[in-house]
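Structure file coords08.cif (mmCIF, C-alpha atoms) is printed below.
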data_coords
#
loop_
_atom_site.label_atom_id
_atom_site.label_comp_id
_atom_site.auth_asym_id
_atom_site.auth_seq_id
_atom_site.Cartn_x
_atom_site.Cartn_y
_atom_site.Cartn_z
CA MET L 89 14.91 -10.14 -30.17
CA HIS L 90 17.94 -7.97 -30.92
CA HIS L 91 18.33 -4.59 -29.29
CA ASP L 92 17.88 -1.76 -31.77
CA PRO L 93 20.67 0.81 -31.29
CA THR L 94 19.15 3.35 -33.70
CA PRO L 95 17.20 5.48 -31.16
CA HIS L 96 20.38 5.95 -29.12
CA LEU L 97 22.48 7.29 -31.98
CA SER L 98 23.68 10.89 -32.01
CA PHE L 99 22.77 13.11 -34.92
CA ALA L 100 25.30 13.90 -37.64
CA PRO L 101 28.08 14.90 -37.64
CA HIS L 102 28.76 13.02 -34.38
CA LEU L 103 29.46 9.36 -35.14
CA ARG L 104 28.93 7.02 -32.19
CA PRO L 105 31.44 4.14 -31.89
CA PHE L 106 30.24 0.58 -31.24
CA TYR L 107 32.21 -2.12 -29.46
CA PRO L 108 30.31 -5.39 -30.13
CA GLY L 109 33.28 -7.49 -29.00
CA ASP L 110 33.02 -10.41 -31.42
CA LEU L 111 31.92 -11.33 -34.93
CA ARG L 112 28.40 -12.18 -33.86
CA GLY L 113 28.08 -8.82 -32.10
CA TYR L 114 29.22 -6.95 -35.21
CA SER L 115 26.80 -8.96 -37.35
CA THR L 116 23.87 -8.17 -35.04
CA THR L 117 24.73 -4.47 -34.96
CA LEU L 118 25.03 -4.30 -38.74
CA ASP L 119 21.65 -6.05 -39.03
CA ALA L 120 20.07 -3.16 -37.13
CA LEU L 121 22.00 -0.34 -38.77
CA VAL L 122 21.94 -1.48 -42.41
CA TYR L 123 19.60 -4.44 -42.98
CA PRO L 124 19.66 -8.08 -41.87
CA GLY L 125 22.45 -10.18 -43.32
CA GLU L 126 25.08 -12.82 -42.60
CA LEU L 127 28.58 -11.49 -41.87
CA SER L 128 31.55 -13.73 -42.69
CA VAL L 129 35.29 -13.02 -42.59
CA GLN L 130 38.44 -14.40 -44.22
CA HIS L 131 40.83 -14.01 -41.29
CA SER L 132 40.70 -15.92 -38.01
CA HIS L 133 41.38 -12.67 -36.14
CA PRO L 134 39.52 -9.96 -38.03
CA ARG L 135 39.92 -6.28 -37.17
CA MET L 136 36.80 -4.14 -37.30
CA ASN L 137 35.70 -0.66 -36.30
CA LEU L 138 32.09 0.47 -36.50
CA GLU L 139 30.59 3.95 -36.04
CA ALA L 140 27.17 5.35 -36.87
CA CYS L 141 24.92 8.38 -36.49
CA ARG L 142 21.40 9.45 -37.36
CA LEU L 143 20.89 11.91 -40.18
CA VAL L 144 19.03 15.10 -39.32
CA GLY L 145 16.67 14.80 -42.30
CA GLY L 146 16.05 11.07 -41.89
CA GLY L 147 18.25 8.01 -42.31
CA ILE L 148 21.46 6.60 -40.87
CA ALA L 149 25.17 6.91 -41.73
CA VAL L 150 27.47 3.98 -40.96
CA SER L 151 31.28 3.95 -41.12
CA PHE L 152 32.78 0.44 -41.14
CA ASP L 153 36.52 -0.32 -41.15
CA SER L 154 37.32 -4.00 -41.65
CA THR L 155 39.74 -6.62 -42.83
CA PRO L 156 38.35 -8.70 -45.75
CA MET L 157 34.73 -9.67 -45.11
CA GLN L 158 31.39 -10.34 -46.78
CA VAL L 159 27.82 -9.52 -45.79
CA ARG L 160 25.13 -11.56 -47.54
CA HIS L 161 21.61 -10.17 -47.27
CA ALA L 162 19.52 -13.19 -48.27
CA ALA L 163 16.19 -11.36 -48.10
CA GLY L 164 15.03 -7.85 -48.85
CA GLN L 165 13.48 -5.48 -46.33
CA SER L 166 10.75 -3.25 -47.73
CA GLY L 167 9.68 -1.24 -44.70
CA HIS L 168 6.19 -0.01 -43.86
CA ASP L 169 5.62 1.72 -47.21
CA GLY L 170 6.95 -1.13 -49.34
CA ALA L 171 9.52 1.15 -51.01
CA GLY L 172 12.59 0.00 -49.11
CA GLU L 173 15.49 2.33 -48.48
CA VAL L 174 18.43 3.41 -50.62
CA LEU L 175 21.92 2.30 -49.58
CA ALA L 176 24.53 4.71 -50.94
CA MET L 177 28.03 3.38 -50.21
CA ILE L 178 31.29 5.30 -50.59
CA ALA L 179 34.44 3.17 -50.64
CA VAL L 180 36.81 5.41 -48.71
CA ASP L 181 39.48 2.72 -48.91
CA GLY L 182 39.73 -0.84 -50.19
CA GLN L 183 38.05 -2.70 -53.01
CA GLY L 184 35.38 -5.35 -53.42
CA THR L 185 32.07 -6.17 -55.08
CA ILE L 186 28.37 -5.54 -54.57
CA GLU L 187 25.85 -7.85 -56.20
CA GLN L 188 22.11 -7.23 -56.49
CA ALA L 189 19.33 -8.10 -58.94
CA GLY L 190 21.73 -10.00 -61.19
CA ARG L 191 24.17 -7.10 -61.38
CA ARG L 192 27.78 -7.38 -60.28
CA LEU L 193 29.30 -4.01 -59.37
CA PRO L 194 33.05 -4.19 -58.63
CA PHE L 195 34.22 -1.16 -56.64
CA ARG L 196 37.55 0.26 -55.61
CA LYS L 197 38.78 3.19 -53.54
CA GLY L 198 36.70 6.29 -54.20
CA ASP L 199 33.79 4.54 -55.93
CA ILE L 200 30.14 5.16 -55.00
CA VAL L 201 27.64 2.31 -55.27
CA PHE L 202 23.85 2.35 -54.94
CA ARG L 203 21.57 -0.53 -53.98
CA THR L 204 18.26 -0.96 -52.16
CA THR L 205 17.18 -2.76 -49.00
CA ARG L 206 14.11 -3.95 -50.92
CA LEU L 207 16.10 -6.72 -52.63
CA PRO L 208 18.65 -9.31 -51.49
CA SER L 209 22.27 -8.32 -52.01
CA THR L 210 25.87 -9.18 -51.18
CA CYS L 211 28.67 -6.80 -50.24
CA ALA L 212 32.21 -8.20 -50.23
CA LEU L 213 35.35 -6.32 -49.17
CA ASP L 214 38.35 -8.11 -50.72
CA GLU L 215 41.04 -6.21 -48.80
CA SER L 216 41.22 -4.14 -45.65
CA GLY L 217 39.32 -0.92 -46.13
CA ARG L 218 36.72 1.55 -44.95
CA LEU L 219 33.18 1.77 -46.27
CA VAL L 220 30.79 4.63 -45.45
CA GLN L 221 27.19 3.77 -46.07
CA LEU L 222 24.12 6.02 -45.93
CA ARG L 223 20.77 4.29 -45.45
CA LEU L 224 18.22 6.78 -46.75
CA PRO L 225 14.42 6.66 -46.94
CA ALA L 226 13.48 6.30 -50.60
CA GLY L 227 11.12 9.25 -50.29
CA ARG L 228 13.94 11.50 -49.11
CA PHE L 229 16.40 10.29 -51.73
CA PHE L 230 14.11 10.47 -54.76
CA GLY L 231 11.75 13.24 -53.68
CA ILE L 232 9.03 13.84 -56.25
CA TYR L 233 10.54 11.33 -58.69
CA ALA L 234 8.63 8.24 -57.57
CA ASP L 235 9.28 6.65 -60.97
CA LEU L 236 12.99 6.40 -60.11
CA ARG L 237 12.12 4.74 -56.80
CA ASP L 238 9.73 2.26 -58.41
CA ASN L 239 12.25 1.35 -61.13
CA PHE L 240 15.37 1.34 -58.97
CA GLU L 241 18.54 -0.03 -60.59
CA PRO L 242 21.63 -1.02 -58.58
CA SER L 243 24.32 1.27 -59.97
CA LEU L 244 27.94 2.35 -59.79
CA ALA L 245 28.88 6.02 -60.20
CA GLN L 246 30.12 6.85 -63.67
CA PRO L 247 33.94 6.76 -64.08
CA GLY L 248 35.38 10.28 -64.02
CA SER L 249 32.14 11.77 -62.68
CA MET L 250 32.71 15.32 -61.42
CA LEU L 251 29.64 14.92 -59.21
CA ALA L 252 31.20 11.87 -57.56
CA GLU L 253 34.45 13.79 -57.03
CA SER L 254 32.49 16.55 -55.30
CA ALA L 255 30.80 13.97 -53.05
CA ARG L 256 34.15 12.47 -52.05
CA GLN L 257 35.45 15.91 -51.12
CA GLN L 258 32.31 16.77 -49.17
CA LEU L 259 32.21 13.49 -47.22
CA ASP L 260 34.96 14.31 -44.72
CA ARG L 261 33.61 17.81 -44.14
CA LEU L 262 30.10 16.48 -43.53
CA PHE L 263 31.16 14.22 -40.67
CA ALA L 264 33.90 16.45 -39.21
CA VAL L 265 33.15 16.77 -35.50
CA GLN L 266 33.01 20.47 -34.87
CA ALA L 267 30.66 22.91 -33.22
CA GLN L 268 27.82 23.84 -35.55
CA PRO L 269 27.09 27.59 -35.37
CA HIS L 270 23.44 26.97 -36.24
CA PRO L 271 21.30 23.79 -36.45
CA ALA L 272 20.25 24.79 -39.96
CA LEU L 273 23.88 24.45 -41.12
CA ALA L 274 23.99 20.77 -40.19
CA TYR L 275 20.69 20.14 -41.95
CA PHE L 276 21.50 21.98 -45.17
CA SER L 277 25.02 20.53 -45.36
CA GLU L 278 23.53 17.06 -45.02
CA GLN L 279 20.72 17.75 -47.47
CA SER L 280 23.13 19.05 -50.10
CA PHE L 281 25.14 15.84 -49.76
CA VAL L 282 22.03 13.65 -50.12
CA SER L 283 20.93 15.65 -53.17
CA LEU L 284 24.42 15.25 -54.63
CA LEU L 285 24.23 11.48 -54.15
CA ALA L 286 20.82 11.44 -55.86
CA ALA L 287 22.29 13.36 -58.79
CA ILE L 288 25.17 10.85 -58.99
CA TYR L 289 22.64 8.00 -59.06
CA CYS L 290 20.66 9.67 -61.85
CA GLU L 291 23.88 10.23 -63.80
CA ALA L 292 24.82 6.56 -63.36
CA VAL L 293 21.41 5.31 -64.51
CA ALA L 294 21.34 7.71 -67.47
CA GLY L 295 24.77 6.50 -68.54
CA ALA L 296 23.91 2.80 -68.28
CA PRO L 297 23.59 1.00 -71.62
CA GLN L 298 20.01 0.59 -72.85
CA ALA L 299 18.77 -2.22 -75.06
CA GLY L 300 18.07 -0.86 -78.54
CA ASP L 301 15.39 1.58 -79.58
CA ALA L 302 12.98 0.48 -76.84
CA GLY L 303 15.49 1.43 -74.15
CA ALA L 304 16.11 4.83 -75.72
CA ALA L 305 12.36 5.45 -75.95
CA ARG L 306 11.87 4.58 -72.28
CA ARG L 307 14.67 6.95 -71.29
CA HIS L 308 13.18 9.73 -73.42
CA GLU L 309 9.77 9.27 -71.81
CA ARG L 310 11.33 9.16 -68.33
CA ASP L 311 13.20 12.40 -69.00
CA ARG L 312 10.00 14.09 -70.18
CA TRP L 313 8.15 12.99 -67.06
CA GLN L 314 10.90 14.26 -64.80
CA ARG L 315 10.88 17.67 -66.45
CA LEU L 316 7.10 17.79 -66.14
CA ALA L 317 7.17 16.79 -62.45
CA ALA L 318 9.84 19.39 -61.68
CA TYR L 319 7.81 22.12 -63.37
CA VAL L 320 4.65 21.17 -61.45
CA GLU L 321 6.58 21.07 -58.17
CA ALA L 322 8.00 24.54 -58.75
CA ASN L 323 4.53 25.93 -59.51
CA LEU L 324 2.33 24.29 -56.88
CA CYS L 325 1.68 27.73 -55.43
CA ASP L 326 0.04 28.92 -58.67
CA PRO L 327 -3.75 28.43 -58.48
CA GLU L 328 -3.91 28.98 -62.26
CA LEU L 329 -1.57 26.08 -63.06
CA SER L 330 -3.12 24.06 -65.87
CA VAL L 331 -2.44 21.39 -68.47
CA GLU L 332 -2.30 24.16 -71.05
CA ALA L 333 0.39 26.04 -69.07
CA ILE L 334 2.47 22.89 -68.63
CA ALA L 335 2.22 22.01 -72.32
CA ARG L 336 3.20 25.55 -73.32
CA GLU L 337 6.18 25.66 -70.93
CA LEU L 338 7.53 22.23 -71.94
CA CYS L 339 6.74 22.70 -75.65
CA ILE L 340 4.64 19.54 -75.86
CA SER L 341 1.01 18.85 -76.65
CA LYS L 342 -1.77 18.71 -74.04
CA ARG L 343 -2.39 15.13 -75.14
CA LEU L 344 1.21 14.21 -74.30
CA VAL L 345 0.90 15.89 -70.88
CA HIS L 346 -2.08 13.63 -70.10
CA ARG L 347 -0.22 10.57 -71.41
CA LEU L 348 2.79 11.28 -69.22
CA PHE L 349 0.57 11.39 -66.14
CA ALA L 350 -0.99 8.13 -67.28
CA THR L 351 2.47 6.48 -67.33
CA GLN L 352 2.57 7.18 -63.57
CA GLN L 353 -0.88 5.62 -63.06
CA THR L 354 -2.45 8.95 -62.21
CA GLN L 355 -4.21 11.94 -63.78
CA TYR L 356 -3.29 15.61 -63.79
CA GLY L 357 -5.96 16.76 -61.32
CA ALA L 358 -5.38 13.92 -58.85
CA TYR L 359 -1.59 14.37 -58.96
CA LEU L 360 -1.76 18.12 -58.46
CA ARG L 361 -4.21 17.82 -55.57
CA GLU L 362 -2.11 15.15 -53.85
CA ARG L 363 1.16 17.10 -54.13
CA ARG L 364 -0.45 20.31 -52.88
CA LEU L 365 -1.98 18.55 -49.89
CA GLU L 366 1.25 16.69 -49.10
CA ARG L 367 3.28 19.89 -49.13
CA ALA L 368 0.66 21.71 -47.07
CA ALA L 369 0.85 18.91 -44.49
CA GLU L 370 4.66 19.22 -44.40
CA GLU L 371 4.38 22.96 -43.81
CA LEU L 372 1.78 22.53 -41.06
CA ALA L 373 4.21 20.21 -39.26
CA ASN L 374 7.17 22.57 -39.72
CA GLU L 375 7.91 24.60 -36.58
CA ARG L 376 9.71 27.22 -38.67
CA LEU L 377 6.36 28.01 -40.31
CA ALA L 378 4.32 27.97 -37.10
CA GLN L 379 3.70 31.71 -37.40
CA LEU L 380 1.74 31.17 -40.64
CA SER L 381 -2.02 30.72 -40.40
CA VAL L 382 -3.83 27.81 -42.02
CA THR L 383 -5.19 30.22 -44.63
CA GLU L 384 -1.69 31.43 -45.50
CA ILE L 385 -0.49 27.85 -45.92
CA ALA L 386 -3.47 27.16 -48.17
CA PHE L 387 -2.56 30.12 -50.39
CA ARG L 388 1.13 29.09 -50.43
CA ASN L 389 0.09 25.77 -51.94
CA GLY L 390 -2.26 26.90 -54.66
CA PHE L 391 -5.60 26.81 -52.80
CA ASN L 392 -7.37 30.13 -53.22
CA ASP L 393 -10.43 29.01 -51.22
CA PRO L 394 -9.65 28.21 -47.54
CA SER L 395 -12.93 26.32 -47.11
CA HIS L 396 -12.18 24.10 -50.10
CA PHE L 397 -8.67 23.51 -48.72
CA SER L 398 -10.04 22.43 -45.32
CA ARG L 399 -12.49 20.00 -46.91
CA ALA L 400 -9.85 18.52 -49.21
CA PHE L 401 -7.38 18.24 -46.33
CA ARG L 402 -9.91 16.44 -44.13
CA ASP L 403 -10.75 14.02 -46.94
CA ARG L 404 -7.04 13.22 -47.38
CA PHE L 405 -5.78 13.13 -43.78
CA GLY L 406 -8.92 12.52 -41.74
CA THR L 407 -8.66 15.75 -39.76
CA THR L 408 -8.74 19.50 -40.30
CA PRO L 409 -5.53 21.41 -41.05
CA GLY L 410 -5.64 22.95 -37.58
CA GLY L 411 -6.19 19.57 -35.98
CA TYR L 412 -3.31 18.10 -37.96
CA ARG L 413 -0.98 20.88 -36.82
CA THR L 414 -1.99 20.42 -33.17
CA ALA L 415 -1.81 16.64 -33.16
CA ARG L 416 1.60 16.23 -34.83
CA PRO L 417 4.90 17.12 -33.17
CA LEU L 418 6.44 20.04 -35.03
CA ALA L 419 9.45 19.13 -37.14
#

Write the structure described by the file as C-alpha cells, please.
Amino acid sequence: MHHDPTPHLSFAPHLRPFYPGDLRGYSTTLDALVYPGELSVQHSHPRMNLEACRLVGGGIAVSFDSTPMQVRHAAGQSGHDGAGEVLAMIAVDGQGTIEQAGRRLPFRKGDIVFRTTRLPSTCALDESGRLVQLRLPAGRFFGIYADLRDNFEPSLAQPGSMLAESARQQLDRLFAVQAQPHPALAYFSEQSFVSLLAAIYCEAVAGAPQAGDAGAARRHERDRWQRLAAYVEANLCDPELSVEAIARELCISKRLVHRLFATQQTQYGAYLRERRLERAAEELANERLAQLSVTEIAFRNGFNDPSHFSRAFRDRFGTTPGGYRTARPLA
C-alpha cells in the first residue's frame, strides 16, 4: 500500500516540494496527488520537479515541471459520492494533449483544460514545461449546478477568453508565498480563483458545437434550469418563496417551472427542502456563525417554525440541529 502524502501537505499558498528520487517514486506520488496512472517518459534521464499543497476550501493543487512525459490513467476514480473530482489544468509552459471520453484536447502555453477523475484519461507533455493542476471536489466546483456535474464534458478554455486571461494572471498571485494578514484572505482569494475556473468551464461548454436543433434545445433548457436554481439559491431565506414567485421572476409559466424540476429528477418542494436543510447544516458547522442560535439559523434558511425545522432536520440528518452542531467539528 502506497503512503498517502495528502494529510501532510501545507495549505495554500505554501507548496510543499517532493523528492521521490526516481521515475517510480514520481509515479507513486502523482497517483496519490492526482489519480492513479502510469507515468512514462521520452528521455533516459528525465528532469522533474513536483510541488503540492492542500486548498483551504477543499482539494489539492499540484505544480509539475517535467521534460516530455505521459501519464495514462487507465481507470476512473469516482470517490465516495460517485461524482469524481474535477481536474483543472493550467499549462504554464509547454504543450501537449489531454484525451478523455473520445475527446482530444491539444493544449499549449497558457491554455486551461478540464477533465474528471471519474473517467480514464491521458495527459501527454510533448516538450519540457510546467503544468499546474487543481483537483477539486465536484461539489465545490459546480456548487448548486449538479446538472453540470452529472453531464461533465472534458473541455478546453475558449480561445481569446478574457476569463481565462484573468485566471492566468491570478495564478501566480494565488500561490505567492507571503504572509497572509488574515486567514479569510487566503480562503476568499482561493475561492475566487475556483469560481473563475468554473466560469471558464461553463464558457467552454457553452461555446462547444452542438448537434443540430436537439443540441440547441438542450442548451436552452439547461440555461433555464441554471437561472431557476440560482434564483432559488438566492431566496432560500424567504419563507414565502413559491412556484408562482419563481415563474413571475423568470417570466415563465408555473407548468414550465415544474417541468424544469422534473428534468433534475426532483420536485419543487423536495428540492427546496433539501437545499434549505443542506445550507442550515453548513451554517451549524461554521464556527464563524457559532454565535447564532438554532432558531436564528432556521429563520435564515426559510423555516419560520423552529419545531418544524428541528423535525425536518432530524429526518434528514438523523439528529437534532443542536446535536449536529455539537457532534461535528466546526469548520

Name the residues that the PyMOL selection byres ((chain L and resi 303-320) around 12) pulls out of this structure, and write them as an mmCIF file with C-alpha atoms, in the frame of the given file.
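Listed below is the output, result_16.cif:
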data_model
loop_
_atom_site.group_PDB
_atom_site.id
_atom_site.type_symbol
_atom_site.label_atom_id
_atom_site.label_comp_id
_atom_site.auth_asym_id
_atom_site.auth_seq_id
_atom_site.Cartn_x
_atom_site.Cartn_y
_atom_site.Cartn_z
ATOM 1 C CA PHE L 230 14.110 10.470 -54.760
ATOM 2 C CA GLY L 231 11.750 13.240 -53.680
ATOM 3 C CA ILE L 232 9.030 13.840 -56.250
ATOM 4 C CA TYR L 233 10.540 11.330 -58.690
ATOM 5 C CA ALA L 234 8.630 8.240 -57.570
ATOM 6 C CA ASP L 235 9.280 6.650 -60.970
ATOM 7 C CA LEU L 236 12.990 6.400 -60.110
ATOM 8 C CA ASN L 239 12.250 1.350 -61.130
ATOM 9 C CA CYS L 290 20.660 9.670 -61.850
ATOM 10 C CA VAL L 293 21.410 5.310 -64.510
ATOM 11 C CA ALA L 294 21.340 7.710 -67.470
ATOM 12 C CA GLY L 295 24.770 6.500 -68.540
ATOM 13 C CA ALA L 296 23.910 2.800 -68.280
ATOM 14 C CA PRO L 297 23.590 1.000 -71.620
ATOM 15 C CA GLN L 298 20.010 0.590 -72.850
ATOM 16 C CA ALA L 299 18.770 -2.220 -75.060
ATOM 17 C CA GLY L 300 18.070 -0.860 -78.540
ATOM 18 C CA ASP L 301 15.390 1.580 -79.580
ATOM 19 C CA ALA L 302 12.980 0.480 -76.840
ATOM 20 C CA GLU L 321 6.580 21.070 -58.170
ATOM 21 C CA ALA L 322 8.000 24.540 -58.750
ATOM 22 C CA ASN L 323 4.530 25.930 -59.510
ATOM 23 C CA LEU L 324 2.330 24.290 -56.880
ATOM 24 C CA CYS L 325 1.680 27.730 -55.430
ATOM 25 C CA ASP L 326 0.040 28.920 -58.670
ATOM 26 C CA PRO L 327 -3.750 28.430 -58.480
ATOM 27 C CA GLU L 328 -3.910 28.980 -62.260
ATOM 28 C CA LEU L 329 -1.570 26.080 -63.060
ATOM 29 C CA SER L 330 -3.120 24.060 -65.870
ATOM 30 C CA VAL L 331 -2.440 21.390 -68.470
ATOM 31 C CA ALA L 333 0.390 26.040 -69.070
ATOM 32 C CA ILE L 334 2.470 22.890 -68.630
ATOM 33 C CA ALA L 335 2.220 22.010 -72.320
ATOM 34 C CA ARG L 336 3.200 25.550 -73.320
ATOM 35 C CA GLU L 337 6.180 25.660 -70.930
ATOM 36 C CA LEU L 338 7.530 22.230 -71.940
ATOM 37 C CA CYS L 339 6.740 22.700 -75.650
ATOM 38 C CA ILE L 340 4.640 19.540 -75.860
ATOM 39 C CA LYS L 342 -1.770 18.710 -74.040
ATOM 40 C CA LEU L 344 1.210 14.210 -74.300
ATOM 41 C CA VAL L 345 0.900 15.890 -70.880
ATOM 42 C CA HIS L 346 -2.080 13.630 -70.100
ATOM 43 C CA ARG L 347 -0.220 10.570 -71.410
ATOM 44 C CA LEU L 348 2.790 11.280 -69.220
ATOM 45 C CA PHE L 349 0.570 11.390 -66.140
ATOM 46 C CA ALA L 350 -0.990 8.130 -67.280
ATOM 47 C CA THR L 351 2.470 6.480 -67.330
ATOM 48 C CA GLN L 352 2.570 7.180 -63.570
ATOM 49 C CA TYR L 356 -3.290 15.610 -63.790
ATOM 50 C CA GLY L 357 -5.960 16.760 -61.320
ATOM 51 C CA TYR L 359 -1.590 14.370 -58.960
ATOM 52 C CA LEU L 360 -1.760 18.120 -58.460
ATOM 53 C CA ARG L 361 -4.210 17.820 -55.570
ATOM 54 C CA GLU L 362 -2.110 15.150 -53.850
ATOM 55 C CA ARG L 363 1.160 17.100 -54.130
ATOM 56 C CA ARG L 364 -0.450 20.310 -52.880
ATOM 57 C CA ASN L 389 0.090 25.770 -51.940
ATOM 58 C CA GLY L 390 -2.260 26.900 -54.660
#

| Residues near stretch 110-119 of chain L, cut-off 10 Å, all atoms listed in the file, skip fewer than 3 positions along chain, as a list in words |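 Result of the neighbour search: His90, His91, Asp92, Pro93, Thr94, Phe106, Tyr107, Val122, Tyr123, Pro124, Gly125, Glu126, Leu127, Ser128, Val129, His133, Pro134, Arg135, Met136, Asn137, Leu138, Val150, Phe152, Val159 and His161 of chain L.
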
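In terms of minimum interatomic distance to L:Leu222, L:Ala140 ranks closest within L:Ala292, L:Leu244, L:Ala140, L:Ala287, counting all atoms listed in the file.
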
| said: List as a PyMOL selection string the protein and nucleic acid residues near stretch 367-376 of chain L, meaning an atom at most 10 Å away when only C-alpha atoms are counted, but skip any in the same chain fewer than 2 places from it. | reply: chain L and resi 321+324+362-365+378-382+385-391+397+401+405+409-419

| task | Report as a count of residues only the full result of the PyMOL selection byres ((chain L and resi 97) around 12) when it is applied to this structure. | result | 26

| message | Could you check the closest approach to L:Val282 for each of L:Val174, L:Gly406, L:Gly184, L:Thr210 and tell me which residue wins, using all atoms listed in the file? | response | L:Val174

| the PyMOL selection byres ((chain L and resi 155) around 9) on the file shown: which residues, as a VMD selection string? | chain L and resid 129 to 131 134 to 136 153 to 154 156 to 157 213 to 218

Selected residues written out with C-alpha atoms, as a PDB file, in the frame of the given file:
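Okay, selection.pdb is ready:
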ATOM      1  CA  VAL L 129      35.290 -13.020 -42.590  1.00  0.00           C
ATOM      2  CA  GLN L 130      38.440 -14.400 -44.220  1.00  0.00           C
ATOM      3  CA  HIS L 131      40.830 -14.010 -41.290  1.00  0.00           C
ATOM      4  CA  PRO L 134      39.520  -9.960 -38.030  1.00  0.00           C
ATOM      5  CA  ARG L 135      39.920  -6.280 -37.170  1.00  0.00           C
ATOM      6  CA  MET L 136      36.800  -4.140 -37.300  1.00  0.00           C
ATOM      7  CA  ASP L 153      36.520  -0.320 -41.150  1.00  0.00           C
ATOM      8  CA  SER L 154      37.320  -4.000 -41.650  1.00  0.00           C
ATOM      9  CA  PRO L 156      38.350  -8.700 -45.750  1.00  0.00           C
ATOM     10  CA  MET L 157      34.730  -9.670 -45.110  1.00  0.00           C
ATOM     11  CA  LEU L 213      35.350  -6.320 -49.170  1.00  0.00           C
ATOM     12  CA  ASP L 214      38.350  -8.110 -50.720  1.00  0.00           C
ATOM     13  CA  GLU L 215      41.040  -6.210 -48.800  1.00  0.00           C
ATOM     14  CA  SER L 216      41.220  -4.140 -45.650  1.00  0.00           C
ATOM     15  CA  GLY L 217      39.320  -0.920 -46.130  1.00  0.00           C
ATOM     16  CA  ARG L 218      36.720   1.550 -44.950  1.00  0.00           C
TER      17      ARG L 218
END

| field | Straight-line distance linking atom CA of L:Pro194 with atom CA of L:Cys211, stated in Å to one decimal | value | 9.8 Å

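The residue that comes closest to L:Glu241, out of L:Gln258, L:Gln188, L:Gln279, L:Asn392 and on the basis of only C-alpha atoms, is L:Gln188.
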
| said: Quick one: residues within 9 Å of L:Arg256, only C-alpha atoms, excluding same-chain residues fewer than 3 positions away - as a PyMOL selection string? | reply: chain L and resi 178+180+198-200+251-253+259-260

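Between atom CA of L:Phe276 and atom CA of L:Ala179 the interatomic distance comes to 23.5 Å.
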
| query | What is the distance between atom CA of L:Leu207 and atom CA of L:Ala189, in Å to one decimal? | reply |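 These two atoms are separated by 7.2 Å.
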
| note | Of L:Ala171, L:Ile288, L:Ala162, L:Ala255, the one nearest to L:Pro225 when counting all atoms listed in the file is L:Ala171

| request: Point out the residue among L:Arg223, L:Glu173, L:Ser249, L:Ala274 with the least atom-to-atom distance to L:Glu291, counting all atoms listed in the file. | output: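 Going through L:Arg223, L:Glu173, L:Ser249, L:Ala274 one by one, the smallest distance to L:Glu291 is for L:Ser249.
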
| request: Might you pull out every residue within 10 Å of L:Gly190, with only C-alpha atoms counted and same-chain residues fewer than 3 positions away left off, and present them as a list in words? | output: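 These residues fall inside the cut-off: Glu187, Leu193, Ser209 and Pro242 of chain L.
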